[in-house]
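Input: a single structure, listed below in structure tokens.
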Amino acid sequence: MGTQGRAAVPGPGGPADSPAPAPRVVRQRRRRRGLIALSVALIAAGGLSGALLFTASGQRSSVLVVARDVPVGATLTEADLAPASLALDPVVKAVPAAKRAGLVGQRAAVALKAGSLLSPGQITAVSLVKTGEQLVGVALKPSQVPASRLAPGQKVLIVSTPDPAQAGAAAAAGKPADPAPVSKTLAATVVAVG
């Protein structure tokens, strides 16, 4: 058995006597062509700038890296340098791989570590030991090492102090006593610390 819907119809003198309200008309929105054009232009500009950023970040430069450790002052050989392709920020100063042949025979101005990017300031054509200078190794006890860390290129003053134990041993051996030992100073430049 089906159910039929019934509607109550008001009788005379009821609310039906009043005029029925006009149906609400939904107003159609007016399309603003200028706003649509502006949004399409902004979307296109965003897509274009994203594409440019993607292609710029993918550009790689062929540069030189250090293939093996090179001590400060050592002459660079062909085996010390290797080409690499990297995406670099324009601020980074790197040596282009095309200049590899011109670098062979130059010297390392600082200690170069394998795998590091080579920059122009790390190499020099000038010998670190100039005319009239000598390269001398200095062995220091832990108590003789300066409190601040030594670095290549740093100017230092080497003070040679006589060992009082040696003077006492010479006197005990019956050797004539030397006049009072005098300390000697020598200005020097640190080339390498190891």
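Note on naming: chains are A, B, ... as they come in the structure tokens, residues start from 1 per chain, ligands start from 1 in the order shown.
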What lies within 10 Å of Val138 of chain A using only C-alpha atoms, ignoring chain neighbours under 3 positions off, as an mmCIF file with N, CA, C and O atoms, in the first residue's frame?
```cif
data_model
loop_
_atom_site.group_PDB
_atom_site.id
_atom_site.type_symbol
_atom_site.label_atom_id
_atom_site.label_comp_id
_atom_site.auth_asym_id
_atom_site.auth_seq_id
_atom_site.Cartn_x
_atom_site.Cartn_y
_atom_site.Cartn_z
ATOM 1 N N LEU A 135 113.984 26.770 4.372
ATOM 2 C CA LEU A 135 112.878 26.054 4.999
ATOM 3 C C LEU A 135 113.473 25.125 6.052
ATOM 4 O O LEU A 135 114.278 24.251 5.733
ATOM 5 N N ILE A 158 111.138 33.074 16.789
ATOM 6 C CA ILE A 158 111.693 31.859 17.397
ATOM 7 C C ILE A 158 112.784 32.286 18.375
ATOM 8 O O ILE A 158 113.684 33.045 18.025
ATOM 9 N N VAL A 193 102.191 23.437 9.485
ATOM 10 C CA VAL A 193 102.143 22.937 10.853
ATOM 11 C C VAL A 193 101.734 21.486 10.774
ATOM 12 O O VAL A 193 100.742 21.140 10.139
#
```
- Item | DSSP alpha helix (DSSP H) residues within chain A, as a VMD selection string | chain A and resid 33 to 57 100 to 103 164 to 172
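Secondary structure from DSSP on the backbone puts strand (DSSP E) at the following positions of segment 9-150 of chain A: Ser61, Ser62, Val63, Leu64, Val65, Val66, Leu81, Ala82, Pro83, Ala84, Ser85, Leu86, Arg107, Ala108, Ile123 and Thr124 of chain A.
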Write the residues you've just listed into a file as a short mmCIF file (atom, residue, chain, number, x, y, z; two decimals), in the first residue's frame, and include N, CA, C and O atoms for each of them.
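In the end it all went to again.cif:
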```cif
data_model
loop_
_atom_site.label_atom_id
_atom_site.label_comp_id
_atom_site.auth_asym_id
_atom_site.auth_seq_id
_atom_site.Cartn_x
_atom_site.Cartn_y
_atom_site.Cartn_z
N SER A 61 78.52 23.86 -13.79
CA SER A 61 79.79 24.42 -14.27
C SER A 61 80.86 23.37 -14.11
O SER A 61 80.89 22.64 -13.13
N SER A 62 81.76 23.30 -15.07
CA SER A 62 82.88 22.38 -14.99
C SER A 62 84.02 23.10 -14.27
O SER A 62 84.55 24.10 -14.76
N VAL A 63 84.35 22.62 -13.07
CA VAL A 63 85.36 23.25 -12.22
C VAL A 63 86.40 22.22 -11.78
O VAL A 63 86.24 21.03 -12.04
N LEU A 64 87.44 22.71 -11.12
CA LEU A 64 88.50 21.81 -10.63
C LEU A 64 88.34 21.54 -9.15
O LEU A 64 88.02 22.43 -8.37
N VAL A 65 88.58 20.28 -8.78
CA VAL A 65 88.63 19.88 -7.38
C VAL A 65 89.99 19.25 -7.12
O VAL A 65 90.69 18.84 -8.04
N VAL A 66 90.35 19.16 -5.85
CA VAL A 66 91.63 18.56 -5.47
C VAL A 66 91.46 17.05 -5.44
O VAL A 66 90.58 16.52 -4.77
N LEU A 81 94.85 17.43 -9.59
CA LEU A 81 93.62 18.13 -9.96
C LEU A 81 92.69 17.22 -10.73
O LEU A 81 93.13 16.41 -11.54
N ALA A 82 91.40 17.38 -10.50
CA ALA A 82 90.39 16.59 -11.21
C ALA A 82 89.21 17.50 -11.58
O ALA A 82 88.87 18.39 -10.81
N PRO A 83 88.59 17.26 -12.74
CA PRO A 83 87.42 18.07 -13.10
C PRO A 83 86.16 17.55 -12.39
O PRO A 83 86.06 16.36 -12.08
N ALA A 84 85.24 18.45 -12.14
CA ALA A 84 83.95 18.09 -11.55
C ALA A 84 82.89 19.01 -12.12
O ALA A 84 83.17 20.15 -12.49
N SER A 85 81.67 18.50 -12.20
CA SER A 85 80.54 19.29 -12.71
C SER A 85 79.62 19.60 -11.54
O SER A 85 79.03 18.70 -10.95
N LEU A 86 79.53 20.89 -11.19
CA LEU A 86 78.75 21.29 -10.03
C LEU A 86 77.82 22.45 -10.37
O LEU A 86 78.13 23.27 -11.22
N ARG A 107 102.22 26.47 -7.17
CA ARG A 107 102.34 25.93 -5.82
C ARG A 107 101.06 26.12 -5.02
O ARG A 107 100.28 27.02 -5.28
N ALA A 108 100.89 25.24 -4.06
CA ALA A 108 99.74 25.35 -3.16
C ALA A 108 100.05 26.40 -2.11
O ALA A 108 101.04 26.30 -1.38
N ILE A 123 96.11 28.88 -4.71
CA ILE A 123 97.30 28.56 -5.50
C ILE A 123 98.08 29.83 -5.76
O ILE A 123 97.55 30.93 -5.76
N THR A 124 99.39 29.67 -5.95
CA THR A 124 100.26 30.82 -6.21
C THR A 124 101.38 30.40 -7.14
O THR A 124 101.80 29.24 -7.15
#
```
- May I have the residues within 8 Å of Val110 of chain A as number ranges by chain, using only C-alpha atoms and disregarding those fewer than 2 positions away in the same chain? A: 71-73, 108, 112, 122-123, 152
- Message: Set the distance at 7 Å and use only C-alpha atoms: which residues neighbour segment 98-105 of chain A once local chain neighbours fewer than 4 positions away are removed? I'd like the list as a PyMOL selection string.
- Response: chain A and resi 75-78
- Pick from A:Ala56, A:Ala79, A:Ala165, A:Ala111, whichever lies nearest to Gly153 of chain A using only C-alpha atoms: A:Ala111
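Atom CA of Ala74 of chain A is positioned 17.2 Å from atom CA of Gly115 of chain A.
One finds atom CA of Lys184 of chain A at 5.0 Å from atom CA of Ser160 of chain A.
When atom CA of Ala67 of chain A is paired with atom CA of Leu118 of chain A, their separation reads 10.0 Å.
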- Query: Which residues, written as a list in words, have at least one atom at most 12 Å from Glu133 of chain A, with only C-alpha atoms counted and residues fewer than 5 positions away on the same chain left out?
  - Reply: Ser127, Leu128, Ala187, Ala188, Thr189 and Val191 of chain A
